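One file, protein23.txt, carrying compact mmCIF, C-alpha atoms:
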# COMPACT_ATOMS: atom_id res chain seq x y z
CA MET A 439 55.60 158.51 243.05
CA ASN A 440 58.46 156.12 243.89
CA PHE A 441 57.77 152.41 243.91
CA LEU A 442 60.46 151.01 246.19
CA ILE A 443 60.30 147.37 245.06
CA SER A 444 61.06 147.92 241.38
CA GLY A 445 62.85 151.24 241.98
CA THR A 446 60.69 153.08 239.44
CA HIS A 447 58.97 156.46 239.50
CA VAL A 448 55.42 156.43 238.04
CA ALA A 449 52.29 158.55 238.70
CA PRO A 450 49.60 156.28 240.27
CA LEU A 451 46.92 157.88 238.06
CA TRP A 452 48.63 156.50 234.93
CA LEU A 453 48.56 153.03 236.48
CA VAL A 454 44.85 153.31 237.37
CA GLY A 455 44.14 154.52 233.81
CA VAL A 456 46.06 151.66 232.18
CA GLY A 457 44.29 149.24 234.54
CA PHE A 458 40.87 150.64 233.62
CA ILE A 459 41.44 150.31 229.85
CA VAL A 460 42.78 146.76 230.04
CA GLY A 461 39.95 145.96 232.48
CA VAL A 462 37.28 146.91 229.93
CA LEU A 463 39.08 144.97 227.19
CA GLY A 464 39.66 141.97 229.44
CA GLY A 465 36.03 141.79 230.54
CA PHE A 466 34.83 142.10 226.93
CA PHE A 467 37.30 139.85 225.12
CA GLY A 468 38.11 137.37 227.91
CA VAL A 469 41.79 138.13 227.82
CA GLY A 470 44.09 139.34 230.56
CA GLY A 471 44.90 142.44 228.50
CA SER A 472 48.66 141.94 228.74
CA PHE A 473 49.02 142.56 224.98
CA LEU A 474 48.27 146.19 225.89
CA ALA A 475 49.22 146.41 229.60
CA ALA A 476 52.73 145.00 229.14
CA PRO A 477 53.75 147.45 226.38
CA ALA A 478 52.10 150.30 228.37
CA LEU A 479 54.04 149.46 231.56
CA PHE A 480 57.30 149.19 229.60
CA PHE A 481 56.42 152.53 228.01
CA LEU A 482 56.00 154.02 231.54
CA GLY A 483 59.61 153.04 232.34
CA ILE A 484 59.21 149.78 234.27
CA PRO A 485 61.97 147.19 233.54
CA MET A 486 60.83 144.27 231.34
CA ASN A 487 61.26 141.54 233.99
CA PHE A 488 59.03 143.55 236.40
CA VAL A 489 56.58 144.22 233.55
CA VAL A 490 56.10 140.46 233.04
CA GLY A 491 55.62 139.55 236.73
CA THR A 492 53.64 142.63 237.83
CA ASP A 493 51.25 142.36 234.89
CA LEU A 494 50.50 138.75 235.91
CA ALA A 495 49.72 139.85 239.48
CA HIS A 496 47.27 142.59 238.45
CA ILE A 497 45.57 140.19 236.05
CA VAL A 498 44.79 137.74 238.90
CA GLY A 499 42.72 140.37 240.73
CA LYS A 500 41.05 141.68 237.60
CA SER A 501 40.03 138.24 236.35
CA ILE A 502 38.26 137.46 239.67
CA VAL A 503 35.94 140.43 239.03
CA ALA A 504 35.32 139.50 235.37
CA VAL A 505 34.72 135.77 236.12
CA GLY A 506 32.13 136.78 238.75
CA ASN A 507 30.16 138.56 236.03
CA HIS A 508 30.56 135.82 233.40
CA ARG A 509 29.51 133.16 235.95
CA ARG A 510 26.22 135.01 236.46
CA LEU A 511 25.72 135.02 232.65
CA GLY A 512 26.45 131.23 232.41
CA HIS A 513 29.60 131.75 230.33
CA VAL A 514 32.09 129.63 232.35
CA ASP A 515 32.82 125.93 231.55
CA TYR A 516 34.48 124.82 234.82
CA LYS A 517 35.07 121.25 233.57
CA LEU A 518 37.05 122.49 230.58
CA GLY A 519 38.94 124.92 232.87
CA ALA A 520 39.92 122.05 235.21
CA PHE A 521 41.30 119.92 232.33
CA MET A 522 43.17 122.88 230.88
CA LEU A 523 44.98 123.30 234.18
CA LEU A 524 46.92 120.07 233.42
CA GLY A 525 48.72 121.82 230.56
CA THR A 526 48.65 125.40 231.82
CA LEU A 527 50.69 125.00 235.03
CA PRO A 528 53.70 123.16 233.49
CA GLY A 529 53.56 125.65 230.61
CA VAL A 530 53.68 128.68 232.95
CA GLU A 531 56.64 127.23 234.86
CA ALA A 532 58.54 126.52 231.61
CA GLY A 533 57.92 130.11 230.44
CA ALA A 534 59.01 131.62 233.81
CA ARG A 535 62.23 129.53 233.71
CA PHE A 536 62.95 130.74 230.19
CA ILE A 537 62.64 134.36 231.43
CA GLU A 538 65.00 133.47 234.30
CA HIS A 539 67.51 132.15 231.75
CA LEU A 540 67.18 135.33 229.64
CA LYS A 541 67.74 137.57 232.72
CA HIS A 542 71.38 136.44 232.71
CA THR A 543 71.83 137.67 229.15
CA ALA A 544 72.04 141.34 228.20
CA ARG A 545 69.29 141.18 225.58
CA ILE A 546 66.16 140.30 227.59
CA ASP A 547 64.24 143.44 226.48
CA GLN A 548 64.94 142.76 222.78
CA VAL A 549 64.16 139.00 222.91
CA VAL A 550 60.92 139.33 224.93
CA GLY A 551 59.83 142.50 223.12
CA GLY A 552 60.61 141.04 219.66
CA SER A 553 58.73 137.78 220.40
CA PHE A 554 55.76 139.79 221.65
CA ILE A 555 55.64 141.90 218.47
CA VAL A 556 55.74 138.85 216.14
CA LEU A 557 53.02 137.10 218.16
CA LEU A 558 50.72 140.14 218.33
CA LEU A 559 50.99 140.82 214.58
CA SER A 560 50.30 137.16 213.74
CA ILE A 561 47.21 136.97 215.99
CA SER A 562 45.79 140.20 214.61
CA ALA A 563 46.33 139.12 210.98
CA PHE A 564 44.77 135.69 211.51
CA MET A 565 41.72 137.00 213.40
CA ALA A 566 41.13 139.72 210.80
CA TRP A 567 41.15 137.12 208.03
CA GLU A 568 38.86 134.72 209.96
CA ALA A 569 36.31 137.32 211.17
CA TRP A 570 36.07 138.83 207.68
CA ALA A 571 35.55 135.39 206.11
CA THR A 572 32.91 134.52 208.75
CA LEU A 573 30.92 137.72 208.30
CA ARG A 574 31.03 137.31 204.50
CA MET A 575 29.87 133.69 204.85
CA LYS A 576 26.98 134.78 207.15
CA GLY A 577 25.97 137.47 204.64
CA LYS A 578 25.63 134.85 201.86
CA LYS A 579 23.86 132.13 203.89
CA PRO A 580 20.34 132.72 205.21
CA ALA A 581 19.80 131.65 208.84
CA ALA A 582 18.73 128.04 209.28
CA GLU A 583 15.02 127.47 209.81
CA GLY A 584 15.49 125.94 213.27
CA GLU A 585 17.69 128.82 214.28
CA LYS A 586 15.06 131.34 213.15
CA GLN A 587 12.29 129.58 215.05
CA SER A 588 14.19 129.15 218.29
CA GLY A 589 15.57 132.69 218.11
CA ARG A 590 18.89 131.39 219.42
CA ARG A 591 22.10 133.10 218.36
CA ARG A 592 24.61 130.57 216.99
CA ASP A 593 28.33 131.20 216.95
CA HIS A 594 29.51 131.00 213.32
CA SER A 595 33.16 130.63 212.30
CA ALA A 596 34.72 130.31 208.86
CA PHE A 597 37.28 127.95 210.44
CA SER A 598 34.93 125.58 212.26
CA HIS A 599 36.27 122.71 210.08
CA ILE A 600 39.61 122.92 211.96
CA ALA A 601 37.82 122.27 215.28
CA VAL A 602 35.99 119.32 213.66
CA VAL A 603 39.33 117.75 212.68
CA VAL A 604 40.74 118.28 216.21
CA ARG A 605 37.62 116.71 217.77
CA ARG A 606 37.99 113.65 215.49
CA LEU A 607 41.46 113.03 216.94
CA ARG A 608 41.46 109.39 218.17
CA LEU A 609 43.71 109.65 221.21
CA PRO A 610 42.08 108.44 224.46
CA PRO A 611 41.05 109.41 227.11
CA TYR A 612 38.12 111.54 225.93
CA VAL A 613 35.89 114.00 227.76
CA ASP A 614 32.39 115.45 227.16
CA LEU A 615 31.91 119.22 227.64
CA PRO A 616 28.13 119.76 227.93
CA THR A 617 28.41 123.45 228.92
CA SER A 618 30.30 124.13 225.66
CA GLY A 619 28.03 121.79 223.65
CA ILE A 620 30.91 119.43 222.76
CA ARG A 621 30.66 115.63 222.74
CA GLN A 622 33.92 113.71 223.09
CA VAL A 623 37.16 115.56 222.63
CA SER A 624 40.59 114.11 223.38
CA VAL A 625 42.01 115.29 226.72
CA TRP A 626 45.39 115.54 224.94
CA ALA A 627 44.03 118.19 222.57
CA ILE A 628 42.90 120.28 225.56
CA ILE A 629 46.27 119.80 227.28
CA ALA A 630 48.21 120.78 224.11
CA VAL A 631 46.20 124.02 223.71
CA SER A 632 46.62 124.93 227.39
CA LEU A 633 50.34 124.03 227.47
CA ILE A 634 51.08 126.53 224.69
CA GLY A 635 48.94 129.19 226.41
CA GLY A 636 50.68 128.52 229.73
CA PHE A 637 54.14 128.85 228.20
CA PHE A 638 53.33 132.24 226.69
CA SER A 639 51.78 133.33 230.01
CA GLY A 640 55.04 132.57 231.87
CA PHE A 641 57.30 133.88 229.10
CA LEU A 642 55.53 137.08 227.99
CA GLY A 643 53.44 137.78 231.09
CA GLY A 644 49.71 138.16 231.42
CA GLY A 645 47.24 135.34 231.20
CA ALA A 646 48.08 134.65 227.51
CA GLY A 647 44.37 134.96 226.68
CA TYR A 648 45.47 136.54 223.38
CA ILE A 649 46.59 133.06 222.32
CA ARG A 650 44.39 130.79 224.49
CA MET A 651 41.05 132.44 223.65
CA PRO A 652 41.51 132.11 219.83
CA SER A 653 42.89 128.56 220.28
CA MET A 654 39.81 127.52 222.27
CA ILE A 655 37.52 128.88 219.54
CA TYR A 656 39.37 127.70 216.41
CA LEU A 657 41.04 124.47 217.61
CA LEU A 658 38.58 123.11 220.19
CA GLY A 659 35.38 124.67 218.74
CA ILE A 660 34.26 126.33 222.01
CA PRO A 661 31.53 129.00 221.44
CA THR A 662 33.03 132.52 221.71
CA HIS A 663 31.03 133.62 224.78
CA ILE A 664 31.96 130.43 226.72
CA ALA A 665 35.61 130.75 225.56
CA VAL A 666 35.69 134.31 226.96
CA GLY A 667 34.36 133.30 230.42
CA THR A 668 36.36 130.04 230.67
CA ASP A 669 39.56 131.74 229.56
CA LEU A 670 39.17 134.28 232.36
CA PHE A 671 38.66 131.45 234.88
CA GLU A 672 41.80 129.75 233.54
CA ILE A 673 43.69 133.02 233.78
CA ILE A 674 42.99 133.30 237.55
CA LEU A 675 44.68 129.92 238.08
CA SER A 676 47.56 130.30 235.63
CA ALA A 677 48.30 133.94 236.49
CA GLY A 678 48.02 133.13 240.24
CA TYR A 679 50.64 130.42 239.88
CA GLY A 680 52.75 132.67 237.63
CA THR A 681 52.55 135.54 240.15
CA PHE A 682 53.92 133.36 242.96
CA SER A 683 56.64 131.91 240.73
CA HIS A 684 57.73 135.32 239.41
CA ALA A 685 57.52 136.95 242.89
CA VAL A 686 59.95 134.37 244.28
CA LYS A 687 62.30 135.18 241.37
CA GLY A 688 62.05 138.94 242.16
CA ASN A 689 59.96 140.00 239.14
CA VAL A 690 56.80 141.35 240.87
CA ASP A 691 56.19 144.86 242.23
CA ILE A 692 52.92 144.12 244.03
CA LEU A 693 52.28 147.79 244.86
CA ILE A 694 52.12 148.67 241.15
CA ALA A 695 49.79 145.69 240.61
CA LEU A 696 47.46 146.72 243.46
CA VAL A 697 47.15 150.29 242.17
CA MET A 698 46.55 149.11 238.56
CA HIS A 699 43.94 146.66 239.71
CA THR A 700 41.74 149.35 241.29
CA GLY A 701 41.11 150.73 237.76
CA ALA A 702 40.92 147.27 236.19
CA ALA A 703 38.22 145.98 238.57
CA PHE A 704 35.79 148.66 237.47
CA GLY A 705 36.69 148.32 233.78
CA ALA A 706 36.21 144.53 233.87
CA GLN A 707 32.67 145.05 235.20
CA ILE A 708 31.80 147.25 232.20
CA GLY A 709 33.48 144.94 229.66
CA SER A 710 31.72 141.75 230.76
CA VAL A 711 28.26 143.38 230.75
CA LEU A 712 28.86 144.61 227.17
CA THR A 713 29.49 141.06 225.80
CA GLN A 714 25.71 140.43 225.97
CA TYR A 715 25.08 142.91 223.16
CA PHE A 716 27.51 141.57 220.51
CA SER A 717 27.69 138.37 218.40
CA GLY A 718 30.76 136.12 218.55
CA ALA A 719 32.09 137.16 215.11
CA ARG A 720 31.70 140.87 215.96
CA ILE A 721 33.54 140.40 219.28
CA ARG A 722 36.41 138.73 217.37
CA LEU A 723 36.39 141.49 214.73
CA ALA A 724 36.58 144.22 217.39
CA PHE A 725 39.56 142.38 218.97
CA ILE A 726 41.78 142.83 215.87
CA PRO A 727 43.19 146.38 216.39
CA LEU A 728 44.15 145.78 220.03
CA PRO A 729 47.22 143.57 219.53
CA LEU A 730 48.33 146.05 216.82
CA ILE A 731 48.26 148.94 219.35
CA GLY A 732 50.34 146.86 221.78
CA ALA A 733 52.82 145.98 219.01
CA GLY A 734 53.05 149.67 217.99
CA LEU A 735 53.87 150.78 221.56
CA LEU A 736 56.55 148.10 221.86
CA VAL A 737 58.17 148.91 218.51
CA TYR A 738 58.27 152.59 219.50
CA SER A 739 59.89 151.87 222.89
CA LEU A 740 62.41 149.37 221.50
CA VAL A 741 63.46 151.43 218.48
CA THR A 742 63.69 154.87 220.14
CA GLY A 743 64.70 153.65 223.62
CA HIS A 744 62.19 156.22 224.88
CA LYS A 745 60.20 155.33 227.99
CA PHE A 746 57.37 157.66 228.94
CA MET P 913 24.05 153.34 219.87
CA ASP P 914 21.75 150.58 221.15
CA ARG P 915 19.36 151.86 223.87
CA ASN P 916 20.34 148.99 226.21
CA ILE P 917 24.01 149.93 225.97
CA LYS P 918 23.15 153.59 226.65
CA ASN P 919 21.22 152.56 229.77
CA GLU P 920 24.12 150.40 230.94
CA PHE P 921 26.52 153.35 230.61
CA LYS P 922 24.10 155.66 232.48
CA SER P 923 23.99 153.22 235.39
CA PHE P 924 27.78 152.98 235.41
CA LEU P 925 28.37 156.74 235.79
CA PRO P 926 27.20 157.18 239.43
CA GLU P 927 29.02 153.95 240.29
CA LEU P 928 32.20 155.34 238.72
CA LEU P 929 32.02 158.48 240.89
CA ILE P 930 31.53 156.61 244.20
CA TYR P 931 34.12 154.05 243.20
CA GLY P 932 36.64 156.77 242.23
CA VAL P 933 36.48 158.37 245.70
CA LEU P 934 36.89 155.01 247.46
CA VAL P 935 39.80 153.98 245.22
CA THR P 936 41.69 157.26 245.71
CA ALA P 937 41.47 156.88 249.51
CA TYR P 938 42.52 153.24 249.25
CA CYS P 939 45.58 154.00 247.05
CA PHE P 940 46.89 156.55 249.53
CA LEU P 941 46.48 154.11 252.44
CA VAL P 942 48.14 151.17 250.67
CA LEU P 943 51.08 153.14 249.27
CA ARG P 944 51.65 155.00 252.55
CA TYR P 945 51.39 152.14 255.06
CA LEU P 946 52.32 148.98 253.10
CA GLY P 947 55.06 150.32 250.79
CA ALA P 948 58.10 150.17 253.09
CA TRP P 949 57.03 146.91 254.74
CA LEU P 950 56.54 145.12 251.39
CA ALA P 951 59.85 146.47 250.06
CA GLY P 952 61.58 145.06 253.18
CA LEU P 953 59.97 141.65 252.61
CA PHE P 954 60.94 141.73 248.90
CA HIS P 955 64.62 142.28 249.72
CA HIS P 956 64.96 139.95 252.74
CA GLN P 957 62.25 137.23 252.67
CA ARG P 958 61.36 136.54 249.05
CA GLU P 959 59.13 133.43 249.63
CA LEU P 960 57.08 135.24 252.28
CA TYR P 961 56.84 138.27 249.97
CA ALA P 962 55.51 136.02 247.16
CA ALA P 963 52.83 134.53 249.43
CA VAL P 964 51.80 137.95 250.80
CA ALA P 965 51.70 139.42 247.28
CA LEU P 966 49.41 136.65 246.02
CA LEU P 967 47.13 136.94 249.07
CA LEU P 968 46.92 140.73 248.69
CA ILE P 969 45.90 140.66 245.03
CA LEU P 970 43.44 137.75 245.57
CA GLY P 971 41.93 139.56 248.58
CA GLN P 972 41.65 142.83 246.69
CA GLY P 973 40.07 140.96 243.75
CA PHE P 974 37.32 139.45 245.94
CA VAL P 975 36.68 142.68 247.86
CA LEU P 976 36.44 144.82 244.70
CA GLU P 977 34.22 142.20 243.00
CA GLN P 978 31.80 142.46 245.92
CA LEU P 979 32.09 146.26 246.08
CA THR P 980 31.43 146.81 242.35
CA SER P 981 28.49 144.34 242.41
CA VAL P 982 26.90 146.04 245.45
CA LEU P 983 27.39 149.52 243.94
CA LEU P 984 25.90 148.40 240.61
CA ARG P 985 22.89 146.81 242.35
CA LEU P 986 22.33 149.94 244.44
CA VAL P 987 22.56 152.26 241.43
CA ARG P 988 20.22 150.11 239.27
CA TRP P 989 17.74 149.71 242.15
CA GLY P 990 17.74 153.48 242.60
CA ARG P 991 17.09 153.98 238.86
CA LYS P 992 14.13 151.54 238.90
CA GLU P 993 12.64 153.38 241.91
CA VAL P 994 12.84 156.66 239.97
CA GLU P 995 11.20 155.09 236.87
Could you express the structure from this file as structure tokens?
Amino acid sequence: MNFLISGTHVAPLWLVGVGFIVGVLGGFFGVGGSFLAAPALFFLGIPMNFVVGTDLAHIVGKSIVAVGNHRRLGHVDYKLGAFMLLGTLPGVEAGARFIEHLKHTARIDQVVGGSFIVLLLSISAFMAWEAWATLRMKGKKPAAEGEKQSGRRRDHSAFSHIAVVVRRLRLPPYVDLPTSGIRQVSVWAIIAVSLIGGFFSGFLGGGAGYIRMPSMIYLLGIPTHIAVGTDLFEIILSAGYGTFSHAVKGNVDILIALVMHTGAAFGAQIGSVLTQYFSGARIRLAFIPLPLIGAGLLVYSLVTGHKF
Amino acid sequence: MDRNIKNEFKSFLPELLIYGVLVTAYCFLVLRYLGAWLAGLFHHQRELYAAVALLLILGQGFVLEQLTSVLLRLVRWGRKEVE
């Protein structure tokens, strides 16, 4: 079928299928799924600037469905989401302007694709190392007595000391985050984390949950389940702003996004229900192969020039 | 596989079937009736296109969130009645 806005020819069933898969992953891991959707769209023959903008648009719709489910499970910290917005929006705009600058050069596919591959490989390697260390640490340490009695599931991380250092940062103003169980963290730390996430959202497309979700866990010390729900809430706002910004610049084929989203909405429902049955460390461990698949698809498309 | 997860998947299957029929009908309608109009907006009125695009995806997000929740409730309620 011809999509008149981007001038591409793609079967709608492929788009629904890609949407469904990234929907399940997004609902489960709290990420927009662009680490997989963007390479898949590029692989289907959609130009890279349309990949970035269209992926953002479909993520807006999908995240609304997933946040609805996480809200019912009590996994969304709205206060944290509101503070993160202060860094996310300027970050998204900076990323979108960088893409605009690259559009005037001949090498946009190589620069964006190459950056994506490096980022995906780094995230996968770090999370593999951390999740392995955490599970090994849990295997050695018996559960604390209070934890056993209350029956509550705590979120362990081998890198929780990094979050402790960030929370000790003496740079006022400070904010309490009762939903996430955090007392006093510098607003500047939240803004720094969200600014980086926003930049990657505008530059590489998607909600940048692949970088924001791990940053919330390891740098701010947010429990994994709350990080998943709050990240999705943040993605609605950042990807909504990014969609408008990219659409004005001519990078969004909304018809492709609408078709993809029909599959994603259902997948997100399944993914968010499944988070109840897994511990934080296991969710992070299961996340590891996904960026690698995205990187593999991109390497294949860039090296061979073949688009499906 | 955990029994709870198996039950969740069983409840999703009927929902998937109903949802699939609705989505196929919807795709045909959107692509057939909105395609040319949106392409015209994209080429001639970019700001209006951006606003319409955002409204469309937000609207579809809310509608599908409601639809999937209602379908899931219906399917689970039906399963409890049977049990």
What box, with edges along x, y and z, holds each listed atom of range 949-968 of chain P when 4 Å is added on every side, and can you state its centre and edge lengths in Å to one decimal, as AutoDock Vina command-line options?
--center_x 55.9 --center_y 140.2 --center_z 250.4 --size_x 26.0 --size_y 21.5 --size_z 16.7
**Message:** If the cut-off is 10 Å, can you tell me the residues of chain A near chain P, counting only C-alpha atoms? I'd like them as an MDAnalysis selection string.
**Reply:** chainID A and resid 439:445 450:451 454 495:507 674 677:708 711:712 714:715
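The two atoms in question, CA of Ala476 in chain A and CA of Gly732 in chain A, are spaced 8.0 Å apart.
Counting from CA of Gln622 in chain A, the distance to CA of Ala665 in chain A is 17.3 Å.
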**Asked** Hey, which of A:Pro616, A:Gly552, A:Gly533, A:Gly465 ends up closest to Leu518 in chain A? Count only C-alpha atoms.
**Response** A:Pro616
Show me, as a PDB file with C-alpha atoms, in the frame of the given file, the residues that have an atom within 10 Å of Met522 in chain A when counting only C-alpha atoms, minus same-chain residues fewer than 4 positions from it.
ATOM      1  CA  TYR A 516      34.480 124.820 234.820  1.00  0.00           C
ATOM      2  CA  LYS A 517      35.070 121.250 233.570  1.00  0.00           C
ATOM      3  CA  LEU A 518      37.050 122.490 230.580  1.00  0.00           C
ATOM      4  CA  THR A 526      48.650 125.400 231.820  1.00  0.00           C
ATOM      5  CA  LEU A 527      50.690 125.000 235.030  1.00  0.00           C
ATOM      6  CA  VAL A 625      42.010 115.290 226.720  1.00  0.00           C
ATOM      7  CA  TRP A 626      45.390 115.540 224.940  1.00  0.00           C
ATOM      8  CA  ALA A 627      44.030 118.190 222.570  1.00  0.00           C
ATOM      9  CA  ILE A 628      42.900 120.280 225.560  1.00  0.00           C
ATOM     10  CA  ILE A 629      46.270 119.800 227.280  1.00  0.00           C
ATOM     11  CA  ALA A 630      48.210 120.780 224.110  1.00  0.00           C
ATOM     12  CA  VAL A 631      46.200 124.020 223.710  1.00  0.00           C
ATOM     13  CA  SER A 632      46.620 124.930 227.390  1.00  0.00           C
ATOM     14  CA  LEU A 633      50.340 124.030 227.470  1.00  0.00           C
ATOM     15  CA  GLY A 635      48.940 129.190 226.410  1.00  0.00           C
ATOM     16  CA  GLY A 636      50.680 128.520 229.730  1.00  0.00           C
ATOM     17  CA  THR A 668      36.360 130.040 230.670  1.00  0.00           C
ATOM     18  CA  ASP A 669      39.560 131.740 229.560  1.00  0.00           C
ATOM     19  CA  GLU A 672      41.800 129.750 233.540  1.00  0.00           C
ATOM     20  CA  SER A 676      47.560 130.300 235.630  1.00  0.00           C
TER      21      SER A 676
END
How about completing range 537-555 of chain A with N, CA and C atoms and giving it to me as a short mmCIF file (atom, residue, chain, number, x, y, z; two decimals), in the coordinates of the input?
data_model
loop_
_atom_site.label_atom_id
_atom_site.label_comp_id
_atom_site.auth_asym_id
_atom_site.auth_seq_id
_atom_site.Cartn_x
_atom_site.Cartn_y
_atom_site.Cartn_z
N ILE A 537 62.38 132.96 231.08
CA ILE A 537 62.64 134.36 231.43
C ILE A 537 63.84 134.45 232.36
N GLU A 538 63.90 133.50 233.33
CA GLU A 538 65.00 133.47 234.30
C GLU A 538 66.33 133.29 233.58
N HIS A 539 66.32 132.41 232.56
CA HIS A 539 67.51 132.15 231.75
C HIS A 539 67.92 133.42 230.99
N LEU A 540 66.90 134.12 230.44
CA LEU A 540 67.18 135.33 229.64
C LEU A 540 67.69 136.48 230.51
N LYS A 541 67.30 136.49 231.83
CA LYS A 541 67.74 137.57 232.72
C LYS A 541 69.28 137.63 232.82
N HIS A 542 69.92 136.49 232.62
CA HIS A 542 71.38 136.44 232.71
C HIS A 542 72.05 136.88 231.42
N THR A 543 71.25 137.15 230.39
CA THR A 543 71.83 137.67 229.15
C THR A 543 71.50 139.16 229.07
N ALA A 544 72.22 139.88 228.25
CA ALA A 544 72.04 141.34 228.20
C ALA A 544 70.84 141.75 227.34
N ARG A 545 70.27 140.79 226.59
CA ARG A 545 69.29 141.18 225.58
C ARG A 545 67.86 140.78 225.92
N ILE A 546 67.51 140.75 227.20
CA ILE A 546 66.16 140.30 227.59
C ILE A 546 65.07 141.19 226.99
N ASP A 547 65.26 142.52 227.01
CA ASP A 547 64.24 143.44 226.48
C ASP A 547 63.98 143.17 225.00
N GLN A 548 65.07 142.97 224.23
CA GLN A 548 64.94 142.76 222.78
C GLN A 548 64.28 141.41 222.47
N VAL A 549 64.70 140.34 223.20
CA VAL A 549 64.16 139.00 222.91
C VAL A 549 62.67 138.94 223.26
N VAL A 550 62.32 139.39 224.50
CA VAL A 550 60.92 139.33 224.93
C VAL A 550 60.08 140.28 224.08
N GLY A 551 60.56 141.51 223.90
CA GLY A 551 59.83 142.50 223.12
C GLY A 551 59.62 142.04 221.68
N GLY A 552 60.69 141.51 221.05
CA GLY A 552 60.61 141.04 219.66
C GLY A 552 59.62 139.88 219.52
N SER A 553 59.66 138.92 220.46
CA SER A 553 58.73 137.78 220.40
C SER A 553 57.30 138.27 220.52
N PHE A 554 57.09 139.23 221.42
CA PHE A 554 55.76 139.79 221.65
C PHE A 554 55.22 140.42 220.36
N ILE A 555 56.08 141.20 219.69
CA ILE A 555 55.64 141.90 218.47
C ILE A 555 55.23 140.89 217.39
#
